[in-house]
Each structure stands twice: as C-alpha cells, then as structure tokens.
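Structure below is structure_3.csv: CSV, C-alpha atoms.
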```csv
chain,number,residue,atom,x,y,z
A,1,MET,CA,-44.1,-74.9,79.2
A,2,GLY,CA,-41.3,-75.0,81.7
A,3,LYS,CA,-41.0,-72.7,84.7
A,4,GLY,CA,-38.3,-70.6,83.1
A,5,SER,CA,-40.5,-70.2,80.0
A,6,ARG,CA,-43.4,-69.1,82.1
A,7,ARG,CA,-41.3,-66.5,83.8
A,8,ALA,CA,-40.1,-65.2,80.4
A,9,ALA,CA,-43.7,-64.8,79.4
A,10,ASP,CA,-44.5,-63.0,82.6
A,11,ALA,CA,-41.7,-60.6,82.0
A,12,ARG,CA,-43.3,-59.3,78.8
A,13,VAL,CA,-45.3,-56.9,80.9
A,14,ASN,CA,-42.1,-54.8,81.3
A,15,GLY,CA,-43.4,-52.3,78.8
A,16,MET,CA,-44.8,-50.1,81.6
A,17,PRO,CA,-44.3,-46.4,81.1
A,18,ASP,CA,-42.2,-44.2,83.3
A,19,THR,CA,-44.5,-42.6,85.9
A,20,GLU,CA,-42.6,-39.3,85.9
A,21,GLN,CA,-42.9,-39.1,82.1
A,22,LEU,CA,-46.6,-39.8,82.3
A,23,GLU,CA,-46.9,-37.0,84.8
A,24,LEU,CA,-45.0,-34.6,82.5
A,25,LYS,CA,-47.3,-35.5,79.6
A,26,GLY,CA,-50.3,-34.7,81.8
A,27,PHE,CA,-48.8,-31.3,82.8
A,28,HIS,CA,-48.1,-30.4,79.2
A,29,ARG,CA,-51.6,-31.3,78.1
A,30,THR,CA,-53.1,-29.3,80.9
A,31,LEU,CA,-51.0,-26.3,80.1
A,32,ALA,CA,-51.8,-26.4,76.4
A,33,GLU,CA,-55.5,-26.4,77.1
A,34,THR,CA,-55.0,-23.5,79.6
A,35,LEU,CA,-53.1,-21.4,77.1
A,36,TRP,CA,-55.7,-21.9,74.4
A,37,LEU,CA,-58.5,-21.0,76.8
A,38,LEU,CA,-56.6,-17.9,77.9
A,39,LEU,CA,-56.4,-16.8,74.3
A,40,ILE,CA,-60.1,-17.4,73.8
A,41,LEU,CA,-60.9,-15.4,76.9
A,42,ILE,CA,-58.8,-12.5,75.7
A,43,LEU,CA,-60.4,-12.5,72.3
A,44,VAL,CA,-63.9,-12.6,73.9
A,45,TYR,CA,-63.0,-9.6,76.0
A,46,LEU,CA,-62.0,-7.7,72.9
A,47,VAL,CA,-65.5,-8.0,71.4
A,48,ILE,CA,-67.4,-7.2,74.6
A,49,PRO,CA,-69.7,-4.2,73.8
A,50,GLY,CA,-68.5,-1.0,75.6
A,51,ALA,CA,-65.1,-2.4,76.5
A,52,ASP,CA,-62.5,0.4,76.2
A,53,VAL,CA,-59.5,-1.5,74.8
A,54,ASP,CA,-56.8,-1.0,72.3
A,55,VAL,CA,-57.7,-3.9,70.0
A,56,PHE,CA,-54.8,-4.0,67.5
A,57,PRO,CA,-51.8,-4.5,69.9
A,58,ILE,CA,-53.7,-7.1,71.9
A,59,ALA,CA,-54.8,-9.0,68.8
A,60,ALA,CA,-51.2,-8.8,67.5
A,61,ALA,CA,-49.8,-10.1,70.8
A,62,SER,CA,-52.3,-12.9,71.0
A,63,ALA,CA,-51.6,-14.0,67.4
A,64,ALA,CA,-47.8,-13.9,68.1
A,65,PHE,CA,-48.5,-16.0,71.3
A,66,ALA,CA,-50.6,-18.5,69.4
A,67,LEU,CA,-47.8,-18.9,66.8
A,68,MET,CA,-45.3,-19.4,69.6
A,69,ILE,CA,-47.5,-22.2,71.1
A,70,ILE,CA,-47.8,-23.9,67.7
A,71,GLY,CA,-44.1,-23.6,66.9
A,72,PHE,CA,-42.9,-24.5,70.4
A,73,ARG,CA,-45.3,-27.3,71.1
A,74,TYR,CA,-46.9,-28.7,68.0
A,75,LEU,CA,-44.0,-28.6,65.6
A,76,ASN,CA,-41.9,-30.6,68.0
A,77,LEU,CA,-44.2,-33.6,68.2
A,78,PHE,CA,-41.4,-36.1,68.7
A,79,THR,CA,-39.5,-34.1,71.3
A,80,ARG,CA,-39.6,-35.6,74.8
A,81,GLU,CA,-41.6,-33.6,77.3
A,82,ALA,CA,-39.4,-31.6,79.8
A,83,ARG,CA,-40.0,-29.3,82.7
A,84,TRP,CA,-38.0,-26.5,81.1
A,85,LYS,CA,-40.6,-26.3,78.4
A,86,LEU,CA,-43.3,-25.8,81.1
A,87,VAL,CA,-41.2,-23.0,82.6
A,88,VAL,CA,-40.8,-21.2,79.3
A,89,GLU,CA,-44.5,-21.4,78.5
A,90,THR,CA,-45.5,-20.3,82.0
A,91,LEU,CA,-43.3,-17.3,81.8
A,92,ALA,CA,-44.6,-16.5,78.3
A,93,MET,CA,-48.2,-16.7,79.6
A,94,THR,CA,-47.3,-14.3,82.4
A,95,LEU,CA,-45.8,-11.8,80.0
A,96,LEU,CA,-48.9,-12.0,77.7
A,97,ILE,CA,-51.2,-11.4,80.6
A,98,ALA,CA,-49.2,-8.4,81.7
A,99,PHE,CA,-49.3,-7.0,78.1
A,100,VAL,CA,-53.0,-7.4,77.9
A,101,ILE,CA,-53.6,-5.8,81.3
A,102,TRP,CA,-51.5,-2.8,80.3
A,103,HIS,CA,-53.7,-2.3,77.3
A,104,THR,CA,-57.1,-2.9,79.0
A,105,GLY,CA,-56.9,-0.3,81.8
A,106,GLU,CA,-53.6,-1.2,83.4
A,107,GLN,CA,-54.0,-1.8,87.2
A,108,HIS,CA,-57.8,-1.1,86.9
A,109,SER,CA,-58.2,-3.7,84.2
A,110,GLY,CA,-60.9,-6.3,84.7
A,111,LEU,CA,-58.3,-9.0,83.7
A,112,VAL,CA,-55.9,-8.5,86.6
A,113,ASN,CA,-57.0,-11.8,88.1
A,114,LEU,CA,-55.6,-13.6,85.1
A,115,TYR,CA,-52.3,-13.5,87.0
A,116,LEU,CA,-53.7,-16.3,89.1
A,117,LEU,CA,-53.4,-18.7,86.1
A,118,PRO,CA,-49.5,-18.9,86.0
A,119,ILE,CA,-49.4,-18.8,89.8
A,120,VAL,CA,-51.6,-21.8,90.3
A,121,PHE,CA,-50.0,-23.7,87.5
A,122,ALA,CA,-46.5,-23.1,88.7
A,123,ALA,CA,-47.5,-24.0,92.3
A,124,LEU,CA,-49.1,-27.3,91.2
A,125,THR,CA,-46.5,-28.4,88.7
A,126,LEU,CA,-43.2,-26.6,88.9
A,127,GLY,CA,-42.4,-26.4,92.6
A,128,ARG,CA,-42.0,-23.7,95.3
A,129,THR,CA,-39.0,-22.0,93.8
A,130,MET,CA,-40.6,-21.5,90.4
A,131,THR,CA,-43.8,-20.3,92.1
A,132,LEU,CA,-41.8,-17.7,94.0
A,133,ALA,CA,-40.2,-16.6,90.7
A,134,VAL,CA,-43.5,-16.2,89.0
A,135,VAL,CA,-44.9,-14.2,91.9
A,136,GLY,CA,-41.8,-12.1,91.9
A,137,LEU,CA,-42.2,-11.5,88.1
A,138,ILE,CA,-45.9,-10.6,88.5
A,139,THR,CA,-45.0,-8.1,91.3
A,140,VAL,CA,-42.4,-6.4,89.1
A,141,LEU,CA,-44.8,-6.2,86.2
A,142,TYR,CA,-47.5,-4.9,88.5
A,143,LEU,CA,-45.3,-2.2,90.0
A,144,TYR,CA,-44.0,-1.2,86.6
A,145,GLY,CA,-47.6,-0.8,85.4
A,146,TRP,CA,-48.5,1.2,88.5
A,147,HIS,CA,-45.5,3.5,88.0
A,148,ALA,CA,-46.5,4.0,84.4
A,149,LEU,CA,-50.1,4.8,85.5
A,150,LEU,CA,-49.0,7.4,88.1
A,151,GLY,CA,-46.2,8.8,85.9
A,152,GLN,CA,-44.0,9.3,89.0
A,153,THR,CA,-41.9,7.4,91.5
A,154,PHE,CA,-43.6,4.8,93.6
A,155,TYR,CA,-44.0,6.5,97.1
A,156,GLY,CA,-46.6,6.9,99.8
A,157,PHE,CA,-48.3,4.7,102.3
A,158,GLU,CA,-51.6,4.9,100.5
A,159,VAL,CA,-50.1,3.6,97.3
A,160,PHE,CA,-48.2,0.9,99.2
A,161,ALA,CA,-51.3,-0.3,101.0
A,162,HIS,CA,-53.2,-0.4,97.7
A,163,VAL,CA,-50.5,-2.5,96.0
A,164,LEU,CA,-50.2,-4.7,99.1
A,165,PHE,CA,-53.9,-5.5,99.1
A,166,GLN,CA,-53.9,-6.0,95.4
A,167,LEU,CA,-51.0,-8.4,95.4
A,168,GLY,CA,-51.8,-10.0,98.7
A,169,PRO,CA,-54.4,-12.5,97.4
A,170,PHE,CA,-51.9,-13.6,94.7
A,171,ALA,CA,-49.3,-14.3,97.3
A,172,LEU,CA,-51.9,-16.1,99.5
A,173,VAL,CA,-53.0,-18.3,96.6
A,174,ALA,CA,-49.4,-19.1,95.7
A,175,TYR,CA,-48.7,-20.2,99.3
A,176,LEU,CA,-51.8,-22.3,99.8
A,177,THR,CA,-51.5,-23.9,96.4
A,178,SER,CA,-47.9,-24.7,97.0
A,179,MET,CA,-48.8,-26.3,100.3
A,180,LEU,CA,-51.5,-28.3,98.7
A,181,ALA,CA,-49.1,-29.4,95.9
A,182,ASN,CA,-46.5,-30.5,98.5
A,183,ASP,CA,-49.1,-32.6,100.4
A,184,MET,CA,-50.2,-34.2,97.1
A,185,ASN,CA,-46.6,-34.9,96.1
A,186,PHE,CA,-45.9,-36.5,99.5
A,187,SER,CA,-49.0,-38.8,99.2
A,188,ARG,CA,-48.0,-39.6,95.6
A,189,ARG,CA,-44.5,-40.6,96.7
A,190,ILE,CA,-45.9,-42.8,99.4
A,191,LEU,CA,-48.3,-44.5,97.0
A,192,ARG,CA,-45.5,-45.0,94.4
A,193,ASP,CA,-43.2,-46.5,97.1
A,194,LEU,CA,-46.0,-48.9,98.1
A,195,SER,CA,-46.7,-49.8,94.5
A,196,GLU,CA,-43.0,-50.5,93.7
A,197,THR,CA,-41.8,-52.2,97.0
A,198,ASP,CA,-42.3,-55.6,98.4
A,199,GLY,CA,-44.1,-55.2,101.7
A,200,MET,CA,-42.2,-57.9,103.6
A,201,THR,CA,-38.6,-57.5,102.6
A,202,GLY,CA,-38.6,-53.8,101.6
A,203,VAL,CA,-36.8,-54.5,98.3
A,204,ALA,CA,-38.3,-53.6,94.9
A,205,ASN,CA,-41.1,-55.6,93.4
A,206,MET,CA,-41.1,-56.7,89.7
A,207,ARG,CA,-42.9,-53.6,88.5
A,208,ALA,CA,-40.1,-51.4,89.8
A,209,PHE,CA,-37.5,-53.9,88.4
A,210,TYR,CA,-39.0,-53.9,84.9
A,211,MET,CA,-38.9,-50.1,84.8
A,212,ALA,CA,-35.3,-49.9,86.2
A,213,PHE,CA,-34.2,-52.5,83.7
A,214,GLU,CA,-35.6,-50.6,80.8
A,215,ARG,CA,-33.6,-47.5,81.9
A,216,GLU,CA,-30.4,-49.4,82.4
A,217,LEU,CA,-30.7,-51.3,79.1
A,218,LEU,CA,-31.1,-48.0,77.2
A,219,ARG,CA,-28.1,-46.6,79.0
A,220,ALA,CA,-26.1,-49.8,78.2
A,221,GLN,CA,-27.0,-49.6,74.5
A,222,ARG,CA,-26.2,-45.9,74.4
A,223,GLU,CA,-22.9,-46.1,76.2
A,224,ARG,CA,-22.0,-49.6,74.9
A,225,THR,CA,-21.6,-51.1,78.4
A,226,GLU,CA,-22.6,-54.4,79.9
A,227,LEU,CA,-25.2,-55.4,82.5
A,228,SER,CA,-26.1,-58.7,84.2
A,229,VAL,CA,-29.1,-60.3,85.8
A,230,MET,CA,-29.0,-62.9,88.6
A,231,MET,CA,-31.8,-65.3,89.6
A,232,ILE,CA,-31.6,-66.5,93.2
A,233,ASP,CA,-33.7,-69.2,94.9
A,234,ALA,CA,-33.6,-70.3,98.6
A,235,ASP,CA,-32.7,-73.9,98.8
A,236,ASN,CA,-34.4,-74.9,102.1
A,237,LEU,CA,-37.3,-72.7,102.7
A,238,LYS,CA,-39.9,-75.4,102.6
A,239,GLU,CA,-38.1,-77.5,105.2
A,240,THR,CA,-37.9,-74.4,107.4
A,241,ASN,CA,-41.7,-73.7,107.0
A,242,ASP,CA,-42.6,-77.3,107.8
A,243,ARG,CA,-40.4,-77.5,110.9
A,244,PHE,CA,-40.6,-74.0,112.4
A,245,GLY,CA,-43.7,-72.4,110.7
A,246,HIS,CA,-44.1,-69.7,108.1
A,247,GLU,CA,-43.1,-66.9,110.5
A,248,ALA,CA,-39.6,-68.4,110.8
A,249,GLY,CA,-39.6,-68.8,107.0
A,250,ASN,CA,-40.4,-65.1,106.5
A,251,ARG,CA,-37.6,-64.2,108.9
A,252,LEU,CA,-35.2,-66.4,106.9
A,253,ILE,CA,-36.2,-64.6,103.7
A,254,VAL,CA,-35.6,-61.2,105.3
A,255,GLY,CA,-32.2,-62.5,106.5
A,256,ILE,CA,-31.4,-63.6,102.9
A,257,VAL,CA,-32.2,-60.1,101.7
A,258,ASP,CA,-30.1,-58.4,104.3
A,259,SER,CA,-27.2,-60.7,103.4
A,260,MET,CA,-27.6,-59.8,99.7
A,261,SER,CA,-27.8,-56.1,100.5
A,262,SER,CA,-24.6,-56.3,102.5
A,263,VAL,CA,-22.4,-57.5,99.6
A,264,LEU,CA,-24.0,-55.9,96.6
A,265,ARG,CA,-23.4,-52.3,95.4
A,266,ARG,CA,-25.9,-49.5,96.1
A,267,SER,CA,-26.4,-49.3,92.3
A,268,ASP,CA,-27.5,-53.0,92.1
A,269,LEU,CA,-31.3,-53.5,92.3
A,270,ILE,CA,-32.7,-56.5,94.3
A,271,ALA,CA,-36.3,-57.4,93.5
A,272,ARG,CA,-38.5,-60.1,94.9
A,273,TYR,CA,-39.6,-62.4,92.1
A,274,GLY,CA,-42.0,-64.3,94.3
A,275,GLY,CA,-42.0,-66.5,97.3
A,276,ASP,CA,-38.3,-67.3,98.1
A,277,GLU,CA,-37.0,-66.2,94.6
A,278,PHE,CA,-35.2,-63.0,93.9
A,279,VAL,CA,-33.8,-61.3,90.8
A,280,VAL,CA,-30.9,-58.8,90.9
A,281,LEU,CA,-30.0,-56.3,88.3
A,282,LEU,CA,-26.3,-55.4,88.1
A,283,PRO,CA,-25.8,-52.3,85.9
A,284,ASN,CA,-22.5,-51.7,84.2
A,285,THR,CA,-21.4,-55.3,85.1
A,286,GLY,CA,-19.9,-57.9,82.8
A,287,LEU,CA,-20.2,-61.7,83.3
A,288,GLN,CA,-16.9,-62.1,85.2
A,289,ALA,CA,-17.8,-59.4,87.7
A,290,ALA,CA,-21.3,-60.7,88.0
A,291,GLY,CA,-20.0,-64.2,88.8
A,292,ASP,CA,-17.7,-62.8,91.5
A,293,ALA,CA,-20.6,-60.8,93.0
A,294,ALA,CA,-22.9,-63.9,92.9
A,295,GLU,CA,-20.2,-66.0,94.7
A,296,ARG,CA,-19.8,-63.3,97.4
A,297,LEU,CA,-23.6,-63.3,97.8
A,298,ARG,CA,-23.8,-67.1,98.1
A,299,ARG,CA,-21.1,-67.2,100.7
A,300,SER,CA,-22.6,-64.3,102.7
A,301,ILE,CA,-26.0,-66.1,102.8
A,302,GLU,CA,-24.3,-69.4,103.7
A,303,ARG,CA,-22.7,-67.8,106.8
A,304,MET,CA,-25.9,-66.0,107.9
A,305,ALA,CA,-28.0,-67.5,110.7
A,306,ILE,CA,-31.1,-66.4,112.5
A,307,ASP,CA,-32.2,-67.6,116.0
A,308,VAL,CA,-35.5,-69.5,116.1
A,309,GLU,CA,-36.5,-71.0,119.5
A,310,GLY,CA,-32.8,-71.2,120.5
A,311,THR,CA,-31.8,-72.9,117.2
A,312,PRO,CA,-29.5,-71.2,114.7
A,313,LEU,CA,-31.3,-71.4,111.4
A,314,ARG,CA,-29.2,-71.2,108.3
A,315,ALA,CA,-30.0,-70.9,104.6
A,316,THR,CA,-28.3,-71.5,101.3
A,317,VAL,CA,-29.2,-70.3,97.8
A,318,SER,CA,-28.8,-71.5,94.2
A,319,VAL,CA,-27.8,-68.7,91.8
A,320,GLY,CA,-27.9,-68.4,88.1
A,321,TYR,CA,-26.9,-65.4,86.0
A,322,ALA,CA,-26.7,-64.1,82.4
A,323,GLY,CA,-25.5,-60.9,80.8
A,324,TYR,CA,-26.1,-58.4,78.2
A,325,PRO,CA,-24.9,-58.4,75.4
A,326,ASP,CA,-22.9,-61.6,75.8
A,327,THR,CA,-25.8,-64.1,76.3
A,328,ALA,CA,-29.0,-62.1,75.8
A,329,HIS,CA,-30.4,-58.8,74.4
A,330,ASP,CA,-33.6,-58.2,76.3
A,331,LEU,CA,-35.1,-58.7,79.7
A,332,GLN,CA,-37.3,-61.7,78.8
A,333,GLU,CA,-34.3,-63.6,77.5
A,334,LEU,CA,-32.0,-62.5,80.3
A,335,ILE,CA,-34.4,-63.7,83.0
A,336,ALA,CA,-35.2,-67.0,81.1
A,337,LEU,CA,-31.5,-67.8,80.7
A,338,ALA,CA,-30.5,-66.8,84.3
A,339,ASP,CA,-33.5,-68.9,85.4
A,340,GLN,CA,-32.1,-71.9,83.5
A,341,ALA,CA,-28.7,-71.4,85.0
A,342,MET,CA,-30.2,-71.2,88.5
A,343,TYR,CA,-32.0,-74.6,88.0
A,344,ARG,CA,-28.8,-76.0,86.8
A,345,SER,CA,-27.3,-75.0,90.2
A,346,LYS,CA,-30.1,-76.8,92.0
A,347,LYS,CA,-29.6,-80.0,89.9
A,348,ALA,CA,-25.9,-79.9,90.6
A,349,GLY,CA,-26.5,-80.0,94.4
A,350,ARG,CA,-27.7,-76.6,95.4
A,351,ASN,CA,-25.7,-73.8,97.2
A,352,ARG,CA,-24.0,-73.1,93.9
A,353,VAL,CA,-23.6,-70.3,91.3
A,354,THR,CA,-23.9,-71.1,87.6
A,355,ARG,CA,-23.4,-68.9,84.6
A,356,TYR,CA,-25.6,-69.6,81.7
A,357,GLY,CA,-23.7,-71.6,79.1
A,358,ASP,CA,-20.9,-72.7,81.5
A,359,GLY,CA,-20.4,-75.2,84.2
A,360,VAL,CA,-21.1,-74.6,87.8
A,361,TYR,CA,-19.2,-71.6,89.2
A,362,GLY,CA,-17.8,-72.2,92.6
A,363,ASP,CA,-18.2,-76.0,92.6
A,364,MET,CA,-15.0,-76.4,94.6
A,365,ALA,CA,-16.0,-73.9,97.2
A,366,SER,CA,-19.4,-75.4,97.6
A,367,ALA,CA,-18.0,-78.9,97.9
A,368,MET,CA,-15.6,-77.7,100.6
A,369,ALA,CA,-18.3,-75.8,102.6
```

Rewrite the structure from the file as structure tokens, please.
Amino acid sequence: MGKGSRRAADARVNGMPDTEQLELKGFHRTLAETLWLLLILILVYLVIPGADVDVFPIAAASAAFALMIIGFRYLNLFTREARWKLVVETLAMTLLIAFVIWHTGEQHSGLVNLYLLPIVFAALTLGRTMTLAVVGLITVLYLYGWHALLGQTFYGFEVFAHVLFQLGPFALVAYLTSMLANDMNFSRRILRDLSETDGMTGVANMRAFYMAFERELLRAQRERTELSVMMIDADNLKETNDRFGHEAGNRLIVGIVDSMSSVLRRSDLIARYGGDEFVVLLPNTGLQAAGDAAERLRRSIERMAIDVEGTPLRATVSVGYAGYPDTAHDLQELIALADQAMYRSKKAGRNRVTRYGDGVYGDMASAMA
C-alpha cells in the first residue's frame, strides 16, 4: 500500500461526533430523567398518609405534564437536540412545581425546595442569563402565592424579611452553581483546545480537521458550493535537521505555518498532518481559486527565512490539491488525491504546486525562482 493509500485509510476515523452535540444529548438525557423523577416524587407525596392535599388538580397537572414530555420529546425521536428545547422543558418544570406548591400548602408546602431543581439545571446547562430568568420566574411565582395566601397587598418589613430568607437560599444556590458551571466550562474549553490543537505549531490537529471537514462538506452539499483540500510537504526539513539540529527544524516548521497563515483566509483551516506535512481545508473554494491560493502560499514560504547561528535558513514546499465535487466526493478521496498531486510536485523537482489530474501548476515560476 502506498503512502497516499495509507493516509486515505487513516482518514476513515473522521466519523467522530460533534462534541457540542454530544454534550446536548447528555443534557437532554439528564433532564428527561429529572422530569420523570419529579413526577414520581409528586405522586408519592399525594399518597403519603395524613398529607392535606387537593389530589385531583395535582394528578391532572402531572398527567398533562407527562403527556407534554412524551409529545415534546419522545414523539420527535429524529429531531436534533437543541438548547431551546431544554429552555422550554425547564420553564414547564418550574410552572408545574409552582402549581403543585400552590395546591399543597402554598408557601408552607413541604415541596417548596423543589424550586432548586430548575435552578440547578439551568445553572449547569443553560448559562447565567437563563439561570437569572428562572430565579426571576420563581420569585414572581412565590410572591404571587404569598399574595394569594395573605389576600392583601404585599407590604411590611416582617413579610419582606420572611420572603427574603425564603428566597435567599435559592439565589445563593443559583450563584454558586453558576460559578461552578463557569469554572467547569472554562476547564472543558481548555481541554478541548488541547485535544484539537497541535502543541508545537498551534494549528489544528487531524481530529479537529476531520470534524471541520464534515461540517463544511455538509454545508457544501446543502448550498451546492465547492471546497478544496491542499496537502503540503516541506522539501528540505531532513537536511535542516541533519545540519542544524531538530530545534532549528522545529523553528522552520513554525515559520512555514506562519507563512501559510499570512496568505490564507481566516476561514481556511490549517492542520498538521504529521512531521513536516500539513493539510489545508479551503471552504467555498473551487479548483482555480485553490490553485491561486496554493501558489501564493508556495511563494510566501519560498521568501521566508529564519536566522540560525547567523545563517538565514530557508524552506520550500511541494503542494498538491484536489476539490469537491470536481475530483472527489469525500474526505478520504480528497486527501488521497491531493497527496498524489503533492508527490507529483516532488517528483517534478519540488517547490511546485500540482492539481490532481493536471500538470504542475507554476512550473514556470518555480523554474525562474
């Protein structure tokens, strides 16, 4: 099996799921279990001996809520998870809890602490703004229940202090849980960056490249646009390592990456394929535009130099590229064909750009260099 074929086989691991979608699935699963446990707790409370509750309205509200969960969640099995669904279900859970509290003793109900469920869930999954909204809704519902209990306007320091101390723990839990969620999200972002970034050059690794390609391919298919992939290999890294050491070779690789970044668009994604090889994803880019970009990249690297022990050290690259849908229809094929084109550039004398299926792009410019 040739080197290009091995790379195509390696690329088959690109079926990795989107981490954000995985996180949403986990949130949805957790909320579903929470909602069912809430219903079970309410039903158990209804059958506790000696509990002074109005069973019928609570049972009716619980049944309606269960039907809502089934219709909203389980009858949409093929609907993609979304945060707005979490918001709707969290608000519905809050309203159900308020309804049950009103019918089990109002502000003296033993179920008042159930308000902590939507607060904690919102803080851990929906962000600070949604958490404040949930706390605000609970405050309004609580004050409404207190007003109904007193049968008069809400006045007086004693009443204010009672409500403050009743709602204070809810606000404290919301604040602390939000802070904890922010710390966890920060740590998760750092870990994600580390898992998707090449440590030496700072560009994407192949895991991030595969995921980005899947997104861009779906967009290209949906919007009927083009995209291209470039394979880039440094021509003289081994000689640099042998003469000046691997530290100089690493500096040269970083210089190559900087040169690529200076001529490519912000929407283009550079990934380190391994060693001195790189792959570039060019969204919404046809073959002609990809060839022009590859030639600008080649010239930029050719002009680049780093100082090593007083000696200006230069580099050149061989580039090959292929495009969707003109030459390939999936990532495995695109990388394999771009890889073949890149090796054709090397065989033609290096420091060249080749499009798969064509002759060497930029032969004249390379010969004159």

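Among the candidates A:Met179, A:Ile253, A:Met130, A:Ala122, the one nearest to Ile306 (chain A) when counting all atoms listed in the file is A:Ile253.
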
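Straight-line separation from CA of Asp268 (chain A) to CA of Leu281 (chain A): 5.6 Å.
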
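Put simply, CA of Leu337 (chain A) is 6.3 Å away from CA of Ala322 (chain A).
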
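Take the candidates A:Leu176, A:Val319, A:Leu67, A:Leu38 and check each one against Arg128 (chain A) using all atoms listed in the file; the shortest distance goes to A:Leu176.
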
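For the pair CA of Pro118 (chain A) and CA of Ile58 (chain A), the interatomic distance is 18.9 Å.
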
Using only C-alpha atoms, I'd like a table of the residues in region 238-301 of chain A that come within 7 Å of region 197-211 of chain A; for each, show the closest atom pair and its distance in Å rounded to one decimal, ordered by chain and ascending number, as a tab-separated table.
```
residue	atom	partner	partner_atom	distance
A:Val254	CA	A:Thr201	CA	5.5
A:Val257	CA	A:Thr201	CA	7.0
A:Ile270	CA	A:Val203	CA	6.1
A:Ala271	CA	A:Ala204	CA	4.5
A:Arg272	CA	A:Asn205	CA	5.4
A:Tyr273	CA	A:Met206	CA	6.4
```

Would you list the residues near (-61.4, -8.5, 76.3), meaning any protein, DNA or RNA residue with an atom at most 12 Å from that point in file coordinates, counting all atoms listed in the file, as a PyMOL selection string? chain A and resi 38-56+58-59+62+97+100-101+103-105+109-112+114

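Of the residues under consideration (A:Ile256, A:Ile232, A:Leu264, A:Ala181), A:Ile232 shows the shortest atom-to-atom contact distance to Tyr343 (chain A) when counting all atoms listed in the file.
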
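The residue that comes closest to Gln221 (chain A), out of A:Asp183, A:Asp258, A:Asp330, A:Asp235 and on the basis of only C-alpha atoms, is A:Asp330.
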
From the options A:Arg298, A:Arg303, A:Arg314, A:Arg83, which residue's atoms come nearest to Gly249 (chain A), counting only C-alpha atoms? A:Arg314

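Each of A:Tyr175, A:Trp36, A:Phe27, A:Trp102 was checked against Phe121 (chain A) using only C-alpha atoms; the smallest atom-to-atom distance is that of A:Phe27.
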
For Glu239 (chain A), please output as a PDB file with C-alpha atoms, keeping the file's coordinate frame all residues within 12 Å (counting all atoms listed in the file; exclusion window: fewer than 3 positions along the same chain).
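In the end it all went to selection20.pdb:
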```
ATOM      1  CA  ALA A 234     -33.600 -70.300  98.600  1.00  0.00           C
ATOM      2  CA  ASP A 235     -32.700 -73.900  98.800  1.00  0.00           C
ATOM      3  CA  ASN A 236     -34.400 -74.900 102.100  1.00  0.00           C
ATOM      4  CA  ASP A 242     -42.600 -77.300 107.800  1.00  0.00           C
ATOM      5  CA  ARG A 243     -40.400 -77.500 110.900  1.00  0.00           C
ATOM      6  CA  PHE A 244     -40.600 -74.000 112.400  1.00  0.00           C
ATOM      7  CA  GLY A 245     -43.700 -72.400 110.700  1.00  0.00           C
ATOM      8  CA  HIS A 246     -44.100 -69.700 108.100  1.00  0.00           C
ATOM      9  CA  ALA A 248     -39.600 -68.400 110.800  1.00  0.00           C
ATOM     10  CA  GLY A 249     -39.600 -68.800 107.000  1.00  0.00           C
ATOM     11  CA  LEU A 252     -35.200 -66.400 106.900  1.00  0.00           C
ATOM     12  CA  LEU A 313     -31.300 -71.400 111.400  1.00  0.00           C
ATOM     13  CA  ARG A 314     -29.200 -71.200 108.300  1.00  0.00           C
ATOM     14  CA  ALA A 315     -30.000 -70.900 104.600  1.00  0.00           C
TER      15      ALA A 315
END
```

If you count all atoms listed in the file, which residues fall within 12 Å of Leu95 (chain A), apart from same-chain ones fewer than 4 positions away, as a PyMOL selection string? chain A and resi 61-62+65+88-91+99-102+114-115+117-118+134+137-142

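For Ala32 (chain A), the list of residues within 9 Å, based on all atoms listed in the file and with local chain neighbours fewer than 5 positions off taken out, reads A:Phe27, A:Leu37, A:Ile69, A:Arg73.
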
Within 8 Å of Leu116 (chain A) using all atoms listed in the file, minus same-chain residues under 4 positions, as a list in words: Val120, Phe170 and Val173 of chain A
